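Below is one structure, written out as structure tokens, with a few remarks after it.
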Amino acid sequence: MCGIVAYTGHKEVYPILISGLHRLEYRGYDSAGVALMTQRNISLYKTKGKVSDLENYCADKNTKAHVGIGHTRWATHGEPNTQNAHPHLSTDGKLALIHNGIIENYMTLKTGLINKGYHFQSNTDTEVLVHLIQEVAKTENLPLIEAVQMALGLVLGTYAIVILDVEAPDQLIVAKKGSPLLIGVGENEYYIGSDGAPMVGYTNQVIYLEDEDVALLDPNQPLQIFNIKDGKKMPSVEKLEMQLEQIEKGGFEHFMLKEIYEQPRAIKDSMRGRINVKKDVVALGGIIEYEHKMLNAERYIIAACGTSWHAGLVGEYLFETLVRIPVEVEYASEFRYRDPIIKDNDVLIAISQSGETADTLAAIELAKQKNATVIGICNVVGSSIARATHAGSYIHAGPEIGVASTKAFTSQVTVLFLMALSLAQKKGEISRSAYHHYISELETISDKIEKVLEKDEEIKQIASRFVNSTNAIYLGRGINFPVALEGALKLKEISYIHAEGYPAAEMKHGPIALIDENMPVFVVATAQETYEKVVSNIQEVKTRKGIIISIVTEGDTIVKGMSDYCIEVPKTDELLSPLISVIPLQLLAYHIAVARGCDVDKPRNLAKSVSVE
């Protein structure tokens, strides 16, 4: 959530800022703004609404500058409006600041500043920070970089900040703790972004700031990085693995549809280098050093939020079935607050697409304090979770721009399956024939997903029947129960239709009261051990005149005959079936949302990377 972009150098800054803000729209936001260094003055332009609204507002303004900062805000403190939008100015107008994160002790700091005569124009915690920096610089008579270090030492919470200073018009000061911030290095120029998207096409040389780093960026001087408490640090430049075509729609109407169609390739990429079909070998290099810990663990704890939590639920079935080690799947947002019992021979597996999810990071820190081994599964290279965990695996799904996750889910499930299969083989819990069978099935799974995608027009026609629905129920059993939860979440996220997922057997314990002739019931009824039980559950719905939309295995006649609408998918092993059965549910949600006129890629109130608690 929230987006940061900034630049100092020899280029016109305004087009760079606007381009970067557009690329960060996927993160979710409700207002946007820029501050430009124009003729040794700060020109501040901001507005409620979209980046396009900001562009319209700036159309007749002076935007000639070579240094500037830009921001998209997702409201936490203070309602979404122009007054609360970033950037924020110091009282003397000499500093402009943008900020991602939350200052937890802002009220205490604000009270102290008010007592010293400061006046506030917004209800944000961010304005407190810019005034605090001004106050420290004035009272301590410090250069700005030192005042920033001292002020941040008084702050509790998370931040990624960029500061513009009238007294040093070519310079930017940046700092980070608990919220991502990257510096792109060009030739006598620097780019700043909350992720790599704003700098793609400009530079592929980046520096991932560490927590409590403060950097001084001046295109006429070498980059300087300091720690809040300690001295100077040597910057470590890495290559940004992101291409321009990955963050463009590529002819698709929406990023979400593009990413649904990218899943066959994304799954192959998540397996590349980890599975050798000819040699019958599965190996994940990222966890080799900690495999012994995983093999001898007393239990696995999977911590995640949202779609990643659903992937974790699938992982529970995979690890318990294949590795035979108990698994608990926790909402990361609840985990740290219930004083959980964590032992030093437990393994926490943290799952996050962005690698920046604040609640999941908090779960990681708690587990590390208890001496547990922490394994990460995330998508973004160099992210906070990748750096905080002992070991882990990237899913290599490529940038996921649509707020509603699709290819990250299937790639996470794929990596969880590879991890479970590798551990099961090393632990001796799986026969050679079963091991070979799963590897063979993995090799064909992308082709089977391609076959499901060929049914897109058929699925679109089915979706058109439910555009005006107000509620929906999703049912699944066994390893496809999490798929039902994920299908319901997708519909909620992007179409704003109320939907709930249930284990099919739970219907009779309450939800069946909701069934009538207007209730669509989406049922994952692929060939599996509990197939006959699912048939009985469908009959319970039919008896009460519910509308059945089923996902079945090709050749099915029983459930198909009971369904009002039916989507057939290729047969695969039951443990791999979520990778296939989720695809029609993603497409159904997408087409329903489009038909309802919803903003599919940027649904209301949601953010892609939830980097605050």
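To be explicit about the labels: the chains of the structure tokens are called A, B, and onward in the order shown, and within each one the residues are counted from 1, while ligands get numbers from 1 in the order they are shown.
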
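Look at A:Phe120: the protein and nucleic acid residues within 12 Å of it, using only C-alpha atoms and passing over chain neighbours fewer than 6 places away, are Gln83, Asn84, His88, Leu89, Ser90, Thr91, Lys110, Thr111, Leu113, Ile114, Thr126, Glu127, Val128, Leu129, Val130, His131 and Leu132 of chain A.
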
Using the selection just defined, write its residues with N, CA, C and O atoms as a short mmCIF file (atom, residue, chain, number, x, y, z; two decimals), in the first residue's frame.
```
data_model
loop_
_atom_site.label_atom_id
_atom_site.label_comp_id
_atom_site.auth_asym_id
_atom_site.auth_seq_id
_atom_site.Cartn_x
_atom_site.Cartn_y
_atom_site.Cartn_z
N GLN A 83 -6.11 17.45 1.66
CA GLN A 83 -5.36 17.96 2.82
C GLN A 83 -4.44 16.90 3.41
O GLN A 83 -3.31 17.19 3.82
N ASN A 84 -4.92 15.66 3.46
CA ASN A 84 -4.13 14.58 4.06
C ASN A 84 -3.19 13.90 3.07
O ASN A 84 -2.39 13.06 3.47
N HIS A 88 3.98 16.33 2.49
CA HIS A 88 3.67 17.30 3.54
C HIS A 88 4.87 18.23 3.72
O HIS A 88 6.02 17.81 3.59
N LEU A 89 4.57 19.49 4.05
CA LEU A 89 5.60 20.51 4.20
C LEU A 89 5.88 20.80 5.67
O LEU A 89 4.98 20.71 6.51
N SER A 90 7.12 21.19 5.94
CA SER A 90 7.45 21.73 7.26
C SER A 90 6.81 23.12 7.38
O SER A 90 6.41 23.73 6.38
N THR A 91 6.73 23.65 8.59
CA THR A 91 6.06 24.94 8.80
C THR A 91 6.76 26.09 8.09
O THR A 91 6.12 27.06 7.68
N LYS A 110 3.16 14.66 18.47
CA LYS A 110 2.36 15.80 18.00
C LYS A 110 2.03 16.75 19.15
O LYS A 110 2.13 17.98 19.00
N THR A 111 1.68 16.20 20.30
CA THR A 111 1.36 17.02 21.46
C THR A 111 2.56 17.88 21.87
O THR A 111 2.43 19.08 22.15
N LEU A 113 4.98 18.86 19.92
CA LEU A 113 5.22 19.88 18.89
C LEU A 113 4.20 21.01 18.97
O LEU A 113 4.53 22.19 18.77
N ILE A 114 2.94 20.67 19.27
CA ILE A 114 1.91 21.71 19.43
C ILE A 114 2.28 22.62 20.59
O ILE A 114 2.13 23.85 20.52
N THR A 126 2.27 11.51 9.25
CA THR A 126 3.40 11.93 8.42
C THR A 126 3.77 13.38 8.66
O THR A 126 4.96 13.73 8.74
N GLU A 127 2.78 14.26 8.78
CA GLU A 127 3.08 15.68 9.02
C GLU A 127 3.81 15.86 10.35
O GLU A 127 4.65 16.76 10.49
N VAL A 128 3.51 15.00 11.31
CA VAL A 128 4.24 15.04 12.58
C VAL A 128 5.73 14.82 12.34
O VAL A 128 6.58 15.50 12.93
N LEU A 129 6.03 13.90 11.46
CA LEU A 129 7.43 13.54 11.21
C LEU A 129 8.20 14.69 10.57
O LEU A 129 9.34 14.98 10.97
N VAL A 130 7.61 15.38 9.60
CA VAL A 130 8.34 16.46 8.95
C VAL A 130 8.55 17.63 9.91
O VAL A 130 9.61 18.28 9.92
N HIS A 131 7.58 17.91 10.79
CA HIS A 131 7.76 18.95 11.78
C HIS A 131 8.80 18.54 12.82
O HIS A 131 9.58 19.40 13.30
N LEU A 132 8.82 17.28 13.20
CA LEU A 132 9.80 16.79 14.16
C LEU A 132 11.22 16.96 13.63
O LEU A 132 12.13 17.40 14.36
#
```

Could you pull the residues within 12 Å of stretch 318-327 of chain A, counting only C-alpha atoms, minus those fewer than 4 positions along the same chain, as a PyMOL selection string? chain A and resi 294-303+311-314+346-349+413-431+434-435+438+478-480+574-578

For the contact check between stretch 327-394 of chain A and stretch 254-271 of chain A, emit one row per residue of stretch 327-394 of chain A within 12 Å, containing the shortest atom pair and the distance in Å rounded to one decimal, counting only C-alpha atoms, chain then rising number order, as a Markdown table.
```
| residue | atom | partner | partner_atom | distance |
| --- | --- | --- | --- | --- |
| A:Ile377 | CA | A:Ser270 | CA | 11.2 |
| A:Cys378 | CA | A:Ser270 | CA | 11.1 |
| A:Asn379 | CA | A:Ser270 | CA | 9.8 |
| A:Ser393 | CA | A:Ser270 | CA | 9.3 |
| A:Tyr394 | CA | A:Ser270 | CA | 7.7 |
```

Could you pull out the residues in stretch 404-547 of chain A that DSSP calls alpha helix (DSSP H) from the backbone, as number ranges by chain? A: 407-427, 432-453, 456-463, 481-495, 531-543

Please run DSSP on the backbone and report, as an mmCIF file with all heavy atoms, in the first residue's frame, all residues within stretch 435-612 of chain A that come out as strand (DSSP E or B).
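Saved file part-v6.cif follows:
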```cif
data_model
loop_
_atom_site.group_PDB
_atom_site.id
_atom_site.type_symbol
_atom_site.label_atom_id
_atom_site.label_comp_id
_atom_site.auth_asym_id
_atom_site.auth_seq_id
_atom_site.Cartn_x
_atom_site.Cartn_y
_atom_site.Cartn_z
ATOM 1 N N ASN A 471 -25.246 -12.512 -3.360
ATOM 2 C CA ASN A 471 -24.574 -13.451 -2.468
ATOM 3 C C ASN A 471 -24.147 -14.681 -3.258
ATOM 4 O O ASN A 471 -24.713 -14.990 -4.317
ATOM 5 C CB ASN A 471 -25.508 -13.893 -1.330
ATOM 6 C CG ASN A 471 -25.914 -12.750 -0.423
ATOM 7 O OD1 ASN A 471 -25.159 -12.319 0.424
ATOM 8 N ND2 ASN A 471 -27.136 -12.249 -0.615
ATOM 9 N N ALA A 472 -23.177 -15.394 -2.732
ATOM 10 C CA ALA A 472 -22.746 -16.645 -3.349
ATOM 11 C C ALA A 472 -22.078 -17.515 -2.291
ATOM 12 O O ALA A 472 -21.489 -17.011 -1.325
ATOM 13 C CB ALA A 472 -21.783 -16.391 -4.508
ATOM 14 N N ILE A 473 -22.191 -18.824 -2.489
ATOM 15 C CA ILE A 473 -21.540 -19.788 -1.602
ATOM 16 C C ILE A 473 -20.587 -20.644 -2.439
ATOM 17 O O ILE A 473 -20.912 -21.028 -3.568
ATOM 18 C CB ILE A 473 -22.580 -20.668 -0.886
ATOM 19 C CG1 ILE A 473 -23.355 -19.839 0.143
ATOM 20 C CG2 ILE A 473 -21.913 -21.865 -0.194
ATOM 21 C CD1 ILE A 473 -24.468 -20.582 0.839
ATOM 22 N N TYR A 474 -19.419 -20.928 -1.875
ATOM 23 C CA TYR A 474 -18.417 -21.776 -2.525
ATOM 24 C C TYR A 474 -18.165 -22.988 -1.636
ATOM 25 O O TYR A 474 -17.949 -22.837 -0.421
ATOM 26 C CB TYR A 474 -17.111 -21.013 -2.728
ATOM 27 C CG TYR A 474 -17.165 -19.987 -3.838
ATOM 28 C CD1 TYR A 474 -17.904 -18.816 -3.679
ATOM 29 C CD2 TYR A 474 -16.478 -20.176 -5.032
ATOM 30 C CE1 TYR A 474 -17.960 -17.858 -4.692
ATOM 31 C CE2 TYR A 474 -16.520 -19.225 -6.047
ATOM 32 C CZ TYR A 474 -17.263 -18.074 -5.867
ATOM 33 O OH TYR A 474 -17.319 -17.134 -6.869
ATOM 34 N N LEU A 475 -18.182 -24.169 -2.223
ATOM 35 C CA LEU A 475 -18.006 -25.408 -1.464
ATOM 36 C C LEU A 475 -16.850 -26.230 -2.027
ATOM 37 O O LEU A 475 -16.644 -26.289 -3.236
ATOM 38 C CB LEU A 475 -19.286 -26.248 -1.512
ATOM 39 C CG LEU A 475 -20.575 -25.606 -0.980
ATOM 40 C CD1 LEU A 475 -21.743 -26.576 -1.155
ATOM 41 C CD2 LEU A 475 -20.424 -25.205 0.477
ATOM 42 N N GLY A 476 -16.126 -26.873 -1.138
ATOM 43 C CA GLY A 476 -15.082 -27.808 -1.532
ATOM 44 C C GLY A 476 -14.789 -28.742 -0.372
ATOM 45 O O GLY A 476 -15.161 -28.455 0.769
ATOM 46 N N HIS A 498 -21.091 -10.344 -1.962
ATOM 47 C CA HIS A 498 -20.807 -11.092 -0.744
ATOM 48 C C HIS A 498 -20.722 -12.581 -1.072
ATOM 49 O O HIS A 498 -21.630 -13.156 -1.676
ATOM 50 C CB HIS A 498 -21.890 -10.861 0.303
ATOM 51 C CG HIS A 498 -21.715 -11.718 1.510
ATOM 52 N ND1 HIS A 498 -22.544 -12.758 1.807
ATOM 53 C CD2 HIS A 498 -20.759 -11.697 2.487
ATOM 54 C CE1 HIS A 498 -22.128 -13.345 2.925
ATOM 55 N NE2 HIS A 498 -21.053 -12.712 3.344
ATOM 56 N N ALA A 499 -19.638 -13.212 -0.672
ATOM 57 C CA ALA A 499 -19.437 -14.634 -0.948
ATOM 58 C C ALA A 499 -18.712 -15.275 0.218
ATOM 59 O O ALA A 499 -17.867 -14.651 0.866
ATOM 60 C CB ALA A 499 -18.624 -14.815 -2.231
ATOM 61 N N GLU A 500 -19.050 -16.533 0.487
ATOM 62 C CA GLU A 500 -18.409 -17.275 1.567
ATOM 63 C C GLU A 500 -18.027 -18.669 1.089
ATOM 64 O O GLU A 500 -18.755 -19.291 0.313
ATOM 65 C CB GLU A 500 -19.349 -17.394 2.775
ATOM 66 C CG GLU A 500 -19.728 -16.072 3.413
ATOM 67 C CD GLU A 500 -18.553 -15.315 4.002
ATOM 68 O OE1 GLU A 500 -17.545 -15.969 4.326
ATOM 69 O OE2 GLU A 500 -18.642 -14.093 4.128
ATOM 70 N N GLY A 501 -16.891 -19.134 1.564
ATOM 71 C CA GLY A 501 -16.449 -20.490 1.260
ATOM 72 C C GLY A 501 -16.605 -21.390 2.466
ATOM 73 O O GLY A 501 -16.382 -20.954 3.604
ATOM 74 N N TYR A 502 -17.000 -22.629 2.230
ATOM 75 C CA TYR A 502 -17.216 -23.595 3.317
ATOM 76 C C TYR A 502 -16.703 -24.972 2.907
ATOM 77 O O TYR A 502 -16.713 -25.325 1.718
ATOM 78 C CB TYR A 502 -18.710 -23.743 3.633
ATOM 79 C CG TYR A 502 -19.358 -22.538 4.243
ATOM 80 C CD1 TYR A 502 -20.074 -21.642 3.456
ATOM 81 C CD2 TYR A 502 -19.266 -22.282 5.611
ATOM 82 C CE1 TYR A 502 -20.680 -20.527 4.007
ATOM 83 C CE2 TYR A 502 -19.871 -21.175 6.170
ATOM 84 C CZ TYR A 502 -20.576 -20.302 5.364
ATOM 85 O OH TYR A 502 -21.175 -19.199 5.916
ATOM 86 N N PRO A 503 -16.305 -25.778 3.888
ATOM 87 C CA PRO A 503 -16.167 -27.210 3.604
ATOM 88 C C PRO A 503 -17.573 -27.734 3.275
ATOM 89 O O PRO A 503 -18.534 -27.410 3.990
ATOM 90 C CB PRO A 503 -15.652 -27.808 4.922
ATOM 91 C CG PRO A 503 -15.225 -26.643 5.757
ATOM 92 C CD PRO A 503 -16.040 -25.476 5.311
ATOM 93 N N PRO A 520 -26.518 -18.721 -5.930
ATOM 94 C CA PRO A 520 -25.549 -19.510 -6.692
ATOM 95 C C PRO A 520 -24.579 -20.214 -5.747
ATOM 96 O O PRO A 520 -24.054 -19.606 -4.814
ATOM 97 C CB PRO A 520 -24.824 -18.463 -7.537
ATOM 98 C CG PRO A 520 -25.026 -17.175 -6.832
ATOM 99 C CD PRO A 520 -26.298 -17.281 -6.050
ATOM 100 N N VAL A 521 -24.374 -21.498 -6.000
ATOM 101 C CA VAL A 521 -23.466 -22.304 -5.180
ATOM 102 C C VAL A 521 -22.398 -22.894 -6.101
ATOM 103 O O VAL A 521 -22.706 -23.721 -6.964
ATOM 104 C CB VAL A 521 -24.216 -23.426 -4.443
ATOM 105 C CG1 VAL A 521 -23.243 -24.231 -3.578
ATOM 106 C CG2 VAL A 521 -25.345 -22.855 -3.586
ATOM 107 N N PHE A 522 -21.170 -22.441 -5.939
ATOM 108 C CA PHE A 522 -20.045 -22.899 -6.757
ATOM 109 C C PHE A 522 -19.378 -24.066 -6.022
ATOM 110 O O PHE A 522 -18.943 -23.920 -4.878
ATOM 111 C CB PHE A 522 -19.042 -21.767 -6.967
ATOM 112 C CG PHE A 522 -19.609 -20.580 -7.712
ATOM 113 C CD1 PHE A 522 -20.303 -19.583 -7.026
ATOM 114 C CD2 PHE A 522 -19.464 -20.459 -9.076
ATOM 115 C CE1 PHE A 522 -20.825 -18.482 -7.691
ATOM 116 C CE2 PHE A 522 -19.991 -19.373 -9.762
ATOM 117 C CZ PHE A 522 -20.679 -18.378 -9.074
ATOM 118 N N VAL A 523 -19.312 -25.206 -6.676
ATOM 119 C CA VAL A 523 -18.823 -26.425 -6.023
ATOM 120 C C VAL A 523 -17.615 -26.982 -6.774
ATOM 121 O O VAL A 523 -17.693 -27.228 -7.982
ATOM 122 C CB VAL A 523 -19.917 -27.514 -5.964
ATOM 123 C CG1 VAL A 523 -19.423 -28.705 -5.147
ATOM 124 C CG2 VAL A 523 -21.209 -26.955 -5.395
ATOM 125 N N VAL A 524 -16.514 -27.162 -6.047
ATOM 126 C CA VAL A 524 -15.355 -27.863 -6.616
ATOM 127 C C VAL A 524 -15.584 -29.355 -6.392
ATOM 128 O O VAL A 524 -15.521 -29.837 -5.256
ATOM 129 C CB VAL A 524 -14.047 -27.410 -5.960
ATOM 130 C CG1 VAL A 524 -12.865 -28.126 -6.613
ATOM 131 C CG2 VAL A 524 -13.879 -25.905 -6.080
ATOM 132 N N ALA A 525 -15.883 -30.067 -7.478
ATOM 133 C CA ALA A 525 -16.269 -31.483 -7.382
ATOM 134 C C ALA A 525 -15.423 -32.331 -8.317
ATOM 135 O O ALA A 525 -15.939 -33.203 -9.033
ATOM 136 C CB ALA A 525 -17.757 -31.641 -7.705
ATOM 137 N N ILE A 547 -28.794 -22.921 -7.042
ATOM 138 C CA ILE A 547 -28.221 -22.981 -8.392
ATOM 139 C C ILE A 547 -26.805 -23.538 -8.292
ATOM 140 O O ILE A 547 -25.940 -22.949 -7.623
ATOM 141 C CB ILE A 547 -28.191 -21.581 -9.031
ATOM 142 C CG1 ILE A 547 -29.582 -20.941 -8.997
ATOM 143 C CG2 ILE A 547 -27.667 -21.657 -10.464
ATOM 144 C CD1 ILE A 547 -29.568 -19.458 -9.281
ATOM 145 N N ILE A 548 -26.550 -24.647 -8.939
ATOM 146 C CA ILE A 548 -25.254 -25.327 -8.849
ATOM 147 C C ILE A 548 -24.381 -24.978 -10.055
ATOM 148 O O ILE A 548 -24.772 -25.203 -11.206
ATOM 149 C CB ILE A 548 -25.419 -26.860 -8.771
ATOM 150 C CG1 ILE A 548 -26.168 -27.255 -7.500
ATOM 151 C CG2 ILE A 548 -24.054 -27.551 -8.842
ATOM 152 C CD1 ILE A 548 -25.403 -27.019 -6.232
ATOM 153 N N ILE A 549 -23.190 -24.441 -9.760
ATOM 154 C CA ILE A 549 -22.148 -24.243 -10.775
ATOM 155 C C ILE A 549 -20.978 -25.119 -10.342
ATOM 156 O O ILE A 549 -20.350 -24.857 -9.303
ATOM 157 C CB ILE A 549 -21.696 -22.768 -10.870
ATOM 158 C CG1 ILE A 549 -22.901 -21.847 -11.026
ATOM 159 C CG2 ILE A 549 -20.714 -22.600 -12.025
ATOM 160 C CD1 ILE A 549 -23.391 -21.244 -9.730
ATOM 161 N N SER A 550 -20.696 -26.147 -11.079
ATOM 162 C CA SER A 550 -19.711 -27.135 -10.627
ATOM 163 C C SER A 550 -18.432 -27.104 -11.460
ATOM 164 O O SER A 550 -18.456 -26.782 -12.655
ATOM 165 C CB SER A 550 -20.310 -28.541 -10.672
ATOM 166 O OG SER A 550 -20.649 -28.900 -11.994
ATOM 167 N N ILE A 551 -17.328 -27.421 -10.789
ATOM 168 C CA ILE A 551 -16.036 -27.656 -11.435
ATOM 169 C C ILE A 551 -15.781 -29.155 -11.320
ATOM 170 O O ILE A 551 -15.638 -29.681 -10.206
ATOM 171 C CB ILE A 551 -14.889 -26.889 -10.738
ATOM 172 C CG1 ILE A 551 -15.283 -25.437 -10.458
ATOM 173 C CG2 ILE A 551 -13.610 -26.996 -11.536
ATOM 174 C CD1 ILE A 551 -15.584 -24.609 -11.664
ATOM 175 N N VAL A 552 -15.775 -29.854 -12.450
ATOM 176 C CA VAL A 552 -15.667 -31.317 -12.434
ATOM 177 C C VAL A 552 -14.516 -31.773 -13.319
ATOM 178 O O VAL A 552 -14.037 -31.037 -14.176
ATOM 179 C CB VAL A 552 -16.984 -31.984 -12.896
ATOM 180 C CG1 VAL A 552 -18.153 -31.537 -12.037
ATOM 181 C CG2 VAL A 552 -17.257 -31.706 -14.366
ATOM 182 N N THR A 553 -14.112 -33.017 -13.123
ATOM 183 C CA THR A 553 -13.085 -33.624 -13.962
ATOM 184 C C THR A 553 -13.698 -34.054 -15.292
ATOM 185 O O THR A 553 -14.851 -34.501 -15.352
ATOM 186 C CB THR A 553 -12.475 -34.842 -13.251
ATOM 187 O OG1 THR A 553 -11.941 -34.413 -11.985
ATOM 188 C CG2 THR A 553 -11.360 -35.461 -14.077
ATOM 189 N N TYR A 565 -24.908 -25.429 -14.247
ATOM 190 C CA TYR A 565 -23.788 -25.048 -15.115
ATOM 191 C C TYR A 565 -22.591 -25.878 -14.687
ATOM 192 O O TYR A 565 -22.390 -26.127 -13.504
ATOM 193 C CB TYR A 565 -23.465 -23.560 -14.991
ATOM 194 C CG TYR A 565 -24.656 -22.656 -15.233
ATOM 195 C CD1 TYR A 565 -25.424 -22.201 -14.154
ATOM 196 C CD2 TYR A 565 -25.022 -22.281 -16.518
ATOM 197 C CE1 TYR A 565 -26.518 -21.383 -14.367
ATOM 198 C CE2 TYR A 565 -26.122 -21.470 -16.733
ATOM 199 C CZ TYR A 565 -26.872 -21.024 -15.654
ATOM 200 O OH TYR A 565 -27.968 -20.226 -15.866
ATOM 201 N N CYS A 566 -21.794 -26.277 -15.665
ATOM 202 C CA CYS A 566 -20.681 -27.180 -15.353
ATOM 203 C C CYS A 566 -19.456 -26.800 -16.178
ATOM 204 O O CYS A 566 -19.560 -26.515 -17.379
ATOM 205 C CB CYS A 566 -21.099 -28.624 -15.658
ATOM 206 S SG CYS A 566 -19.828 -29.836 -15.244
ATOM 207 N N ILE A 567 -18.303 -26.778 -15.527
ATOM 208 C CA ILE A 567 -17.029 -26.515 -16.201
ATOM 209 C C ILE A 567 -16.134 -27.727 -15.993
ATOM 210 O O ILE A 567 -15.823 -28.089 -14.847
ATOM 211 C CB ILE A 567 -16.351 -25.255 -15.633
ATOM 212 C CG1 ILE A 567 -17.282 -24.042 -15.778
ATOM 213 C CG2 ILE A 567 -15.018 -24.999 -16.336
ATOM 214 C CD1 ILE A 567 -16.865 -22.850 -14.943
ATOM 215 N N GLU A 568 -15.720 -28.351 -17.070
ATOM 216 C CA GLU A 568 -14.862 -29.542 -16.981
ATOM 217 C C GLU A 568 -13.392 -29.138 -17.044
ATOM 218 O O GLU A 568 -13.010 -28.273 -17.830
ATOM 219 C CB GLU A 568 -15.180 -30.509 -18.116
ATOM 220 C CG GLU A 568 -16.580 -31.103 -18.043
ATOM 221 C CD GLU A 568 -16.808 -32.198 -19.067
ATOM 222 O OE1 GLU A 568 -16.012 -33.164 -19.085
ATOM 223 O OE2 GLU A 568 -17.762 -32.081 -19.848
ATOM 224 N N VAL A 569 -12.579 -29.784 -16.214
ATOM 225 C CA VAL A 569 -11.135 -29.523 -16.193
ATOM 226 C C VAL A 569 -10.393 -30.847 -16.330
ATOM 227 O O VAL A 569 -10.929 -31.915 -16.000
ATOM 228 C CB VAL A 569 -10.715 -28.805 -14.888
ATOM 229 C CG1 VAL A 569 -11.413 -27.461 -14.772
ATOM 230 C CG2 VAL A 569 -10.992 -29.662 -13.663
#
```

What is the distance between atom CA of A:Lys293 and atom CA of A:His390, in Å to one decimal? 11.1 Å

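Interatomic distance, atom CA of A:Leu216 against atom CA of A:Ala168: 10.8 Å.
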
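If you measure from each of A:Arg336, A:Gly3, A:Ala513, A:Pro570 to A:Ser179 using only C-alpha atoms, the closest one turns out to be A:Gly3.
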
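Of the residues under consideration (A:Asp564, A:Asp92, A:Asp359, A:Glu12), A:Asp564 shows the shortest atom-to-atom contact distance to A:Arg465 when counting only C-alpha atoms.
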
Residue contacts of A:Gly157 (6 Å, only C-alpha atoms) excluding same-chain residues fewer than 2 positions away, as an mmCIF file with N, CA, C and O atoms, in the first residue's frame:
```
data_model
loop_
_atom_site.group_PDB
_atom_site.id
_atom_site.type_symbol
_atom_site.label_atom_id
_atom_site.label_comp_id
_atom_site.auth_asym_id
_atom_site.auth_seq_id
_atom_site.Cartn_x
_atom_site.Cartn_y
_atom_site.Cartn_z
ATOM 1 N N ILE A 102 3.641 3.593 9.357
ATOM 2 C CA ILE A 102 2.841 4.172 10.436
ATOM 3 C C ILE A 102 3.758 4.589 11.585
ATOM 4 O O ILE A 102 4.593 3.799 12.046
ATOM 5 N N ILE A 103 3.599 5.830 12.056
ATOM 6 C CA ILE A 103 4.308 6.312 13.243
ATOM 7 C C ILE A 103 3.408 6.060 14.445
ATOM 8 O O ILE A 103 2.396 6.740 14.643
ATOM 9 N N GLU A 104 3.738 5.071 15.245
ATOM 10 C CA GLU A 104 2.851 4.623 16.315
ATOM 11 C C GLU A 104 2.737 5.636 17.454
ATOM 12 O O GLU A 104 1.692 5.752 18.091
#
```

Residue neighbourhood stretch 584-590 of chain A, 9 Å, only C-alpha atoms, exclusion window fewer than 3 positions, as a VMD selection string: chain A and resid 256 to 257 260 406 452 to 453 455 to 456 459 to 460 462 to 464 483 to 484 486 to 488 490 to 495 522 551 567 569 580 to 581 593 to 595 600

Smallest atom-to-atom distance to A:Pro80: which of A:Met519, A:Ala32, A:Leu514, A:Ala408, using only C-alpha atoms? A:Ala32

Counting only C-alpha atoms, the option among A:Ser352, A:Ile558, A:Ser383, A:Ile275 closest to A:Glu441: A:Ile275

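You can rank A:Glu248, A:Tyr496, A:Gln39, A:Leu152 by their closest distance to A:His22 using only C-alpha atoms, and at the top of that list sits A:Glu248.
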
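When only C-alpha atoms are used to measure the gap to A:Ala175, the shortest distance among A:Met199, A:Ala151, A:Val214, A:Ile145 belongs to A:Val214.
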